[in-house]
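Peer 1: protein-v6.cif is the file, holding mmCIF, C-alpha atoms:
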data_input
#
loop_
_atom_site.label_atom_id
_atom_site.label_comp_id
_atom_site.auth_asym_id
_atom_site.auth_seq_id
_atom_site.Cartn_x
_atom_site.Cartn_y
_atom_site.Cartn_z
CA MET A 1 14.87 12.34 -6.08
CA LYS A 2 15.80 8.67 -6.30
CA LEU A 3 17.27 6.86 -3.32
CA GLY A 4 20.56 5.04 -3.65
CA SER A 5 20.75 1.33 -2.93
CA ASP A 6 21.97 1.95 0.63
CA LEU A 7 18.98 4.15 1.47
CA GLN A 8 16.60 1.76 -0.25
CA ALA A 9 17.94 -1.02 1.96
CA PHE A 10 17.53 1.22 5.00
CA SER A 11 13.93 2.00 4.00
CA ALA A 12 13.29 -1.73 3.86
CA ARG A 13 14.76 -2.16 7.35
CA ILE A 14 12.40 0.40 8.85
CA GLY A 15 9.48 -0.93 6.81
CA HIS A 16 8.55 2.26 4.97
CA SER A 17 8.76 3.16 1.28
CA PHE A 18 9.09 6.93 0.88
CA ALA A 19 6.90 8.82 -1.57
CA ARG A 20 9.14 11.83 -0.83
CA PRO A 21 12.63 10.33 -0.53
CA GLU A 22 14.16 13.76 0.07
CA LEU A 23 12.69 13.59 3.58
CA LEU A 24 14.74 10.50 4.39
CA ALA A 25 17.87 12.06 2.91
CA ARG A 26 17.38 15.11 5.12
CA ALA A 27 16.70 13.00 8.21
CA LEU A 28 20.08 11.34 7.76
CA THR A 29 22.06 14.56 7.16
CA HIS A 30 24.05 15.80 10.16
CA ALA A 31 24.76 19.49 10.69
CA SER A 32 28.47 18.86 10.05
CA ILE A 33 27.79 18.35 6.33
CA SER A 34 24.77 20.59 5.75
CA THR A 35 24.74 23.42 3.20
CA PRO A 36 22.12 25.99 2.13
CA THR A 37 20.92 23.48 -0.47
CA ARG A 38 21.34 20.45 1.81
CA PRO A 39 19.56 21.16 5.13
CA ASP A 40 20.42 19.12 8.21
CA ASN A 41 18.10 16.99 10.32
CA GLN A 42 17.72 19.25 13.37
CA ARG A 43 14.21 20.51 12.59
CA LEU A 44 13.08 16.97 11.83
CA GLU A 45 14.60 15.80 15.11
CA PHE A 46 12.48 18.39 16.95
CA LEU A 47 9.31 17.05 15.34
CA GLY A 48 10.25 13.39 15.66
CA ASP A 49 10.81 13.74 19.38
CA ARG A 50 7.20 14.93 19.78
CA VAL A 51 5.78 12.21 17.53
CA LEU A 52 7.66 9.55 19.50
CA GLY A 53 6.38 11.03 22.75
CA LEU A 54 2.75 10.93 21.65
CA VAL A 55 3.02 7.35 20.39
CA MET A 56 4.58 6.18 23.65
CA ALA A 57 2.07 8.06 25.80
CA GLU A 58 -0.81 6.43 23.91
CA ALA A 59 0.82 2.99 24.06
CA LEU A 60 1.33 3.20 27.81
CA LEU A 61 -2.24 4.36 28.45
CA ALA A 62 -3.55 1.46 26.36
CA ALA A 63 -1.25 -1.06 28.05
CA ASP A 64 -2.29 -0.13 31.60
CA ARG A 65 -5.71 1.49 31.94
CA THR A 66 -5.47 1.91 35.71
CA ALA A 67 -1.93 3.28 36.16
CA SER A 68 -1.59 6.71 37.72
CA GLU A 69 0.44 9.54 36.21
CA GLY A 70 3.08 8.84 38.84
CA LEU A 71 3.53 5.32 37.47
CA LEU A 72 3.22 6.25 33.80
CA ALA A 73 5.79 9.07 33.85
CA PRO A 74 8.90 6.96 34.61
CA ARG A 75 7.79 4.33 32.09
CA TYR A 76 7.39 7.05 29.47
CA ASN A 77 10.81 8.54 30.25
CA ALA A 78 12.40 5.10 29.97
CA LEU A 79 11.01 4.60 26.46
CA VAL A 80 11.77 8.01 24.91
CA ARG A 81 15.22 8.73 26.32
CA LYS A 82 18.06 9.31 23.89
CA GLU A 83 19.83 6.09 24.84
CA ILE A 84 16.88 4.00 23.69
CA CYS A 85 16.59 5.94 20.43
CA ALA A 86 20.28 5.25 19.81
CA GLU A 87 19.81 1.58 20.70
CA VAL A 88 17.03 1.26 18.13
CA ALA A 89 19.17 3.12 15.60
CA ARG A 90 21.97 0.58 16.06
CA GLU A 91 19.57 -2.31 15.54
CA ILE A 92 18.56 -0.95 12.12
CA ASP A 93 22.16 0.04 11.29
CA LEU A 94 21.27 3.70 10.93
CA GLY A 95 24.89 4.72 11.46
CA SER A 96 25.94 3.19 8.14
CA VAL A 97 23.73 5.61 6.17
CA LEU A 98 24.22 8.72 8.32
CA LYS A 99 25.72 11.58 6.30
CA LEU A 100 28.51 13.28 8.25
CA GLY A 101 31.24 15.84 7.70
CA ARG A 102 34.81 14.53 7.53
CA SER A 103 35.80 15.64 11.04
CA GLU A 104 32.68 14.12 12.61
CA MET A 105 33.19 10.92 10.66
CA MET A 106 36.84 10.67 11.73
CA SER A 107 35.85 11.09 15.38
CA GLY A 108 33.50 8.11 15.25
CA GLY A 109 30.26 9.98 14.63
CA ARG A 110 28.52 6.92 13.22
CA ARG A 111 28.72 5.31 16.67
CA LYS A 112 27.99 8.35 18.84
CA GLU A 113 24.90 7.93 20.97
CA ALA A 114 23.71 11.53 20.62
CA LEU A 115 24.02 11.55 16.83
CA LEU A 116 22.28 8.20 16.45
CA GLY A 117 19.48 9.18 18.82
CA ASP A 118 18.91 12.50 17.08
CA ALA A 119 18.88 10.86 13.64
CA MET A 120 16.41 8.21 14.82
CA GLU A 121 14.02 10.95 15.91
CA ALA A 122 14.53 12.69 12.55
CA VAL A 123 13.67 9.47 10.70
CA ILE A 124 10.44 9.23 12.70
CA ALA A 125 9.55 12.76 11.62
CA ALA A 126 10.39 11.95 8.00
CA VAL A 127 7.97 9.02 8.01
CA HIS A 128 5.31 11.18 9.70
CA LEU A 129 5.62 13.94 7.10
CA ASP A 130 5.77 11.43 4.25
CA ALA A 131 2.78 9.28 5.16
CA GLY A 132 1.10 10.63 8.29
CA PHE A 133 0.95 9.86 11.98
CA GLU A 134 -0.39 6.31 11.64
CA ALA A 135 2.55 5.28 9.46
CA ALA A 136 5.01 6.75 11.95
CA ARG A 137 3.14 5.12 14.82
CA ALA A 138 3.26 1.69 13.17
CA MET A 139 6.99 1.99 12.56
CA ILE A 140 7.72 3.12 16.12
CA LEU A 141 5.70 0.32 17.70
CA ARG A 142 7.41 -2.21 15.43
CA LEU A 143 10.93 -0.96 16.14
CA TRP A 144 10.47 -0.41 19.90
CA GLY A 145 8.73 -3.78 20.13
CA LYS A 146 9.15 -5.65 23.41
CA ARG A 147 10.71 -2.62 25.08
CA ILE A 148 7.19 -1.33 25.59
CA GLU A 149 6.06 -4.59 27.21
CA GLY A 150 9.12 -4.74 29.47
CA VAL A 151 9.23 -1.08 30.45
CA GLU A 152 8.15 -1.81 34.03
CA THR A 153 11.60 -3.14 34.92
CA ASP A 154 13.47 -0.53 32.88
CA ALA A 155 11.56 2.42 34.33
CA ARG A 156 13.43 2.43 37.61
CA ASP A 157 16.62 4.47 37.48
CA PRO A 158 19.27 2.15 39.00
CA LYS A 159 21.31 4.94 40.62
CA THR A 160 18.24 6.47 42.25
CA SER A 161 16.96 3.07 43.36
CA LEU A 162 20.31 2.12 44.90
CA GLN A 163 20.51 5.44 46.73
CA GLU A 164 16.99 4.97 48.09
CA TRP A 165 17.89 1.42 49.16
CA ALA A 166 20.93 2.72 51.06
CA GLN A 167 19.05 5.61 52.70
CA ALA A 168 16.29 3.25 53.88
CA ARG A 169 18.97 1.40 55.84
CA GLY A 170 20.59 4.49 57.31
CA LEU A 171 23.55 4.41 54.92
CA PRO A 172 25.09 7.37 53.09
CA PRO A 173 24.67 7.55 49.29
CA PRO A 174 26.83 5.10 47.32
CA SER A 175 30.06 6.41 45.79
CA TYR A 176 31.08 6.08 42.14
CA THR A 177 34.69 5.87 40.98
CA GLU A 178 36.01 5.80 37.43
CA ILE A 179 38.48 2.92 37.49
CA SER A 180 39.72 3.22 33.92
CA ARG A 181 39.06 4.60 30.48
CA ASP A 182 40.34 2.51 27.60
CA GLY A 183 40.12 2.63 23.82
CA PRO A 184 40.43 5.50 21.32
CA ASP A 185 38.79 8.87 21.93
CA HIS A 186 36.03 8.16 19.43
CA GLN A 187 35.16 4.81 21.02
CA PRO A 188 36.03 4.88 24.73
CA LEU A 189 35.26 2.13 27.24
CA PHE A 190 34.69 3.26 30.83
CA THR A 191 35.03 1.02 33.86
CA VAL A 192 33.20 2.36 36.91
CA GLU A 193 32.91 1.01 40.43
CA VAL A 194 30.03 1.72 42.79
CA LYS A 195 30.55 1.10 46.50
CA LEU A 196 28.36 1.20 49.58
CA ALA A 197 29.60 2.41 52.96
CA THR A 198 29.42 -1.22 54.13
CA GLY A 199 32.06 -2.18 51.58
CA GLU A 200 29.93 -4.01 49.01
CA ALA A 201 30.86 -2.99 45.48
CA GLU A 202 30.29 -3.80 41.84
CA ARG A 203 32.01 -2.78 38.61
CA ALA A 204 30.65 -2.34 35.10
CA GLN A 205 31.86 -1.24 31.68
CA ALA A 206 30.13 0.84 29.00
CA GLY A 207 30.87 3.25 26.20
CA ALA A 208 29.67 6.20 28.29
CA LYS A 209 30.49 6.95 31.91
CA ARG A 210 26.85 7.46 32.88
CA GLN A 211 25.88 4.12 31.35
CA ALA A 212 28.68 2.37 33.24
CA GLU A 213 27.47 3.95 36.50
CA GLN A 214 23.91 2.82 35.79
CA ALA A 215 25.03 -0.73 35.00
CA ALA A 216 27.19 -0.95 38.13
CA ALA A 217 24.35 0.39 40.29
CA ARG A 218 21.92 -2.11 38.77
CA ALA A 219 24.27 -5.02 39.44
CA LEU A 220 24.89 -4.00 43.04
CA LEU A 221 21.20 -3.36 43.72
CA LEU A 222 20.26 -6.80 42.39
CA ARG A 223 22.92 -8.45 44.54
CA MET A 224 21.81 -6.67 47.71
CA GLU A 225 18.13 -7.33 47.07
CA LYS A 226 18.79 -11.06 46.50
CA ARG A 227 20.79 -11.19 49.71
CA ASN A 228 17.82 -9.77 51.61
CA ASP A 229 15.23 -12.09 50.04
#
If you took the structure in this file and wrote it as structure tokens, what would it be?
Peer 2:
Amino acid sequence: MKLGSDLQAFSARIGHSFARPELLARALTHASISTPTRPDNQRLEFLGDRVLGLVMAEALLAADRTASEGLLAPRYNALVRKEICAEVAREIDLGSVLKLGRSEMMSGGRRKEALLGDAMEAVIAAVHLDAGFEAARAMILRLWGKRIEGVETDARDPKTSLQEWAQARGLPPPSYTEISRDGPDHQPLFTVEVKLATGEAERAQAGAKRQAEQAAARALLLRMEKRND
């Protein structure tokens, strides 16, 4: 099998030349367009998730040789979650080469977080099967880059941290309100407000409601912590 120019360019972006190009083609094939002779990427996604997990676990152990499991676990979760996989996928323009069925394509599948995250994991598995663990490891560390170094700040879940901040001061948990949802169904934009019982509030926007809640919580937590400095 010979890769088309688009997949060759994608291979260059991830820094891996495939000896078995059919693996890359499969990694980029969504279930909405699969056939008996064109399998989808779900099995590769399953494997890629485990390869990513092992690479990140090793990287975190090497980065901090004294950290306890209680400190390592949230850092690990921050690095392997689907949102980060989708973020990396966007940076390498994976969506442009994702093979989708017509209905999925019309509904904005190339921009959907779940599809991008799953395909990123499948690409990791494809590299692993094509050239071994070390090749997959090198690609992951290159693409995740400074996220690994900065994971300490990302590891805290903003909603949990804000709730703990409020409880420590005898306040009830913060409330979250969806203010608006704009844009087409395939590319929505949510505006969410988080408010403390004392009246302090912040708003944030994101393409997913959960992300908007997290961003609003982060902004409010930062403001309250600065006020108390």
Peer 1: Go through A:Trp144, A:Glu164, A:His30, A:Arg65 and flag the residue nearest Ser103 in chain A, using all atoms listed in the file for the distances.
Peer 2: A:His30
Peer 1: For the atom pair CA of Pro188 in chain A and CA of Glu213 in chain A, what is the interatomic distance in Å to one decimal place?
Peer 2: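 Between CA of Pro188 in chain A and CA of Glu213 in chain A the gap is 14.6 Å.
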Peer 1: Starting from the PyMOL selection byres ((chain A and resi 57) around 10), expand the selection into actual residues of this file and give them as a list in words.
Peer 2: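 For this structure, the PyMOL selection byres ((chain A and resi 57) around 10) resolves to Val51, Leu52, Gly53, Leu54, Val55, Met56, Glu58, Ala59, Leu60, Leu61, Ala62, Ala63, Leu72, Ala73, Arg75, Tyr76, Asn77, Leu79 and Val80 of chain A.
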Peer 1: With C-alpha atoms retained, write the just-selected residues as a short mmCIF file (atom, residue, chain, number, x, y, z; two decimals), in the frame of the given file.
Peer 2:
data_model
loop_
_atom_site.label_atom_id
_atom_site.label_comp_id
_atom_site.auth_asym_id
_atom_site.auth_seq_id
_atom_site.Cartn_x
_atom_site.Cartn_y
_atom_site.Cartn_z
CA VAL A 51 5.78 12.21 17.53
CA LEU A 52 7.66 9.55 19.50
CA GLY A 53 6.38 11.03 22.75
CA LEU A 54 2.75 10.93 21.65
CA VAL A 55 3.02 7.35 20.39
CA MET A 56 4.58 6.18 23.65
CA GLU A 58 -0.81 6.43 23.91
CA ALA A 59 0.82 2.99 24.06
CA LEU A 60 1.33 3.20 27.81
CA LEU A 61 -2.24 4.36 28.45
CA ALA A 62 -3.55 1.46 26.36
CA ALA A 63 -1.25 -1.06 28.05
CA LEU A 72 3.22 6.25 33.80
CA ALA A 73 5.79 9.07 33.85
CA ARG A 75 7.79 4.33 32.09
CA TYR A 76 7.39 7.05 29.47
CA ASN A 77 10.81 8.54 30.25
CA LEU A 79 11.01 4.60 26.46
CA VAL A 80 11.77 8.01 24.91
#
Peer 1: Grab the CA of Phe10 in chain A to CA of Leu94 in chain A distance for me, in Å with one decimal place.
Peer 2: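 We find that CA of Phe10 in chain A and CA of Leu94 in chain A lie 7.4 Å from each other.
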Peer 1: Find, counting all atoms listed in the file, the residue in A:Gly95, A:Ile84, A:Lys226, A:Lys112 that gets nearest to Val151 in chain A.
Peer 2: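 Using all atoms listed in the file, Val151 in chain A sits closest to A:Ile84.
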Peer 1: How far is it from CA of Arg223 in chain A to CA of Gln163 in chain A, in Å with one decimal?
Peer 2: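 Atom-to-atom, CA of Arg223 in chain A and CA of Gln163 in chain A are spaced 14.3 Å apart.
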Peer 1: Pick out the residues sitting within 10 Å of range 23-29 of chain A, and hand them over as a JSON list (two decimals) with C-alpha atoms, in the frame of the given file; count all atoms listed in the file, and ignore anything fewer than 2 positions along from it in its own chain.
Peer 2:
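For reference, selection24.json as written:
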[["chain", "number", "residue", "atom", "x", "y", "z"],
["A", 1, "MET", "CA", 14.87, 12.34, -6.08],
["A", 3, "LEU", "CA", 17.27, 6.86, -3.32],
["A", 4, "GLY", "CA", 20.56, 5.04, -3.65],
["A", 7, "LEU", "CA", 18.98, 4.15, 1.47],
["A", 10, "PHE", "CA", 17.53, 1.22, 5.00],
["A", 11, "SER", "CA", 13.93, 2.00, 4.00],
["A", 17, "SER", "CA", 8.76, 3.16, 1.28],
["A", 18, "PHE", "CA", 9.09, 6.93, 0.88],
["A", 19, "ALA", "CA", 6.90, 8.82, -1.57],
["A", 20, "ARG", "CA", 9.14, 11.83, -0.83],
["A", 21, "PRO", "CA", 12.63, 10.33, -0.53],
["A", 31, "ALA", "CA", 24.76, 19.49, 10.69],
["A", 32, "SER", "CA", 28.47, 18.86, 10.05],
["A", 33, "ILE", "CA", 27.79, 18.35, 6.33],
["A", 34, "SER", "CA", 24.77, 20.59, 5.75],
["A", 38, "ARG", "CA", 21.34, 20.45, 1.81],
["A", 39, "PRO", "CA", 19.56, 21.16, 5.13],
["A", 40, "ASP", "CA", 20.42, 19.12, 8.21],
["A", 41, "ASN", "CA", 18.10, 16.99, 10.32],
["A", 42, "GLN", "CA", 17.72, 19.25, 13.37],
["A", 43, "ARG", "CA", 14.21, 20.51, 12.59],
["A", 44, "LEU", "CA", 13.08, 16.97, 11.83],
["A", 45, "GLU", "CA", 14.60, 15.80, 15.11],
["A", 48, "GLY", "CA", 10.25, 13.39, 15.66],
["A", 94, "LEU", "CA", 21.27, 3.70, 10.93],
["A", 95, "GLY", "CA", 24.89, 4.72, 11.46],
["A", 97, "VAL", "CA", 23.73, 5.61, 6.17],
["A", 98, "LEU", "CA", 24.22, 8.72, 8.32],
["A", 99, "LYS", "CA", 25.72, 11.58, 6.30],
["A", 100, "LEU", "CA", 28.51, 13.28, 8.25],
["A", 101, "GLY", "CA", 31.24, 15.84, 7.70],
["A", 115, "LEU", "CA", 24.02, 11.55, 16.83],
["A", 116, "LEU", "CA", 22.28, 8.20, 16.45],
["A", 118, "ASP", "CA", 18.91, 12.50, 17.08],
["A", 119, "ALA", "CA", 18.88, 10.86, 13.64],
["A", 120, "MET", "CA", 16.41, 8.21, 14.82],
["A", 121, "GLU", "CA", 14.02, 10.95, 15.91],
["A", 122, "ALA", "CA", 14.53, 12.69, 12.55],
["A", 123, "VAL", "CA", 13.67, 9.47, 10.70],
["A", 124, "ILE", "CA", 10.44, 9.23, 12.70],
["A", 125, "ALA", "CA", 9.55, 12.76, 11.62],
["A", 126, "ALA", "CA", 10.39, 11.95, 8.00],
["A", 127, "VAL", "CA", 7.97, 9.02, 8.01],
["A", 128, "HIS", "CA", 5.31, 11.18, 9.70],
["A", 129, "LEU", "CA", 5.62, 13.94, 7.10],
["A", 130, "ASP", "CA", 5.77, 11.43, 4.25]]
Peer 1: Which one of A:Ala212, A:Cys85, A:Ala9, A:Ala197 sits closest to Pro158 in chain A if you count all atoms listed in the file?
Peer 2: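 Nearest to Pro158 in chain A: A:Ala212.
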Peer 1: Hey, what comes out of the PyMOL selection byres ((chain A and resi 162) around 8) on this file? Could you write it as a list in words?
Peer 2: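 Written out, the selection comes to Pro158, Lys159, Thr160, Ser161, Gln163, Glu164, Trp165, Ala166, Pro174, Ala217, Arg218, Leu220 and Leu221 of chain A.
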Peer 1: Go ahead and save the picked residues with C-alpha atoms, as a PDB file, keeping the file's coordinate frame.
Peer 2:
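Writing the result to part20.pdb gives the following:
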ATOM      1  CA  PRO A 158      19.270   2.150  39.000  1.00  0.00           C
ATOM      2  CA  LYS A 159      21.310   4.940  40.620  1.00  0.00           C
ATOM      3  CA  THR A 160      18.240   6.470  42.250  1.00  0.00           C
ATOM      4  CA  SER A 161      16.960   3.070  43.360  1.00  0.00           C
ATOM      5  CA  GLN A 163      20.510   5.440  46.730  1.00  0.00           C
ATOM      6  CA  GLU A 164      16.990   4.970  48.090  1.00  0.00           C
ATOM      7  CA  TRP A 165      17.890   1.420  49.160  1.00  0.00           C
ATOM      8  CA  ALA A 166      20.930   2.720  51.060  1.00  0.00           C
ATOM      9  CA  PRO A 174      26.830   5.100  47.320  1.00  0.00           C
ATOM     10  CA  ALA A 217      24.350   0.390  40.290  1.00  0.00           C
ATOM     11  CA  ARG A 218      21.920  -2.110  38.770  1.00  0.00           C
ATOM     12  CA  LEU A 220      24.890  -4.000  43.040  1.00  0.00           C
ATOM     13  CA  LEU A 221      21.200  -3.360  43.720  1.00  0.00           C
TER      14      LEU A 221
END
Peer 1: Check which residues satisfy the PyMOL selection byres ((chain A and resi 192) around 8) in the file shown, then give them as a VMD selection string.
Peer 2: chain A and resid 176 to 180 190 to 191 193 to 194 203 to 205 209 212 to 213 216
Peer 1: Set the distance at 12 Å and use all atoms listed in the file: which residues neighbour Pro184 in chain A once local chain neighbours fewer than 6 positions away are removed? I'd like the list as a PyMOL selection string.
Peer 2: chain A and resi 106-108+190+207
Peer 1: I need the residues from that last selection saved to file as an mmCIF file, in the frame of the given file (with C-alpha atoms), if you can.
Peer 2:
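The file below, result05.cif, is the result:
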data_model
loop_
_atom_site.group_PDB
_atom_site.id
_atom_site.type_symbol
_atom_site.label_atom_id
_atom_site.label_comp_id
_atom_site.auth_asym_id
_atom_site.auth_seq_id
_atom_site.Cartn_x
_atom_site.Cartn_y
_atom_site.Cartn_z
ATOM 1 C CA MET A 106 36.840 10.670 11.730
ATOM 2 C CA SER A 107 35.850 11.090 15.380
ATOM 3 C CA GLY A 108 33.500 8.110 15.250
ATOM 4 C CA PHE A 190 34.690 3.260 30.830
ATOM 5 C CA GLY A 207 30.870 3.250 26.200
#
Peer 1: Restricting the calculation to only C-alpha atoms, which member of A:Ile148, A:Arg181, A:Met224, A:Ile14 is positioned closest to Asp64 in chain A?
Peer 2: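 Nearest candidate to Asp64 in chain A out of A:Ile148, A:Arg181, A:Met224, A:Ile14: A:Ile148.
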Peer 1: Could you get me a file of range 192-204 of chain A with C-alpha atoms, as a short mmCIF file (atom, residue, chain, number, x, y, z; two decimals), in the first residue's frame, taken from the block above?
Peer 2:
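Once everything was written out, this is selection_14.cif:
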data_model
loop_
_atom_site.label_atom_id
_atom_site.label_comp_id
_atom_site.auth_asym_id
_atom_site.auth_seq_id
_atom_site.Cartn_x
_atom_site.Cartn_y
_atom_site.Cartn_z
CA VAL A 192 -20.93 28.98 31.71
CA GLU A 193 -20.94 30.97 34.93
CA VAL A 194 -19.64 29.70 38.25
CA LYS A 195 -20.72 31.50 41.41
CA LEU A 196 -19.84 31.27 45.08
CA ALA A 197 -22.39 31.78 47.86
CA THR A 198 -20.62 35.08 48.64
CA GLY A 199 -21.55 36.40 45.19
CA GLU A 200 -18.18 36.22 43.44
CA ALA A 201 -18.52 34.80 39.94
CA GLU A 202 -16.65 34.19 36.72
CA ARG A 203 -17.70 33.22 33.21
CA ALA A 204 -15.91 31.24 30.53
#
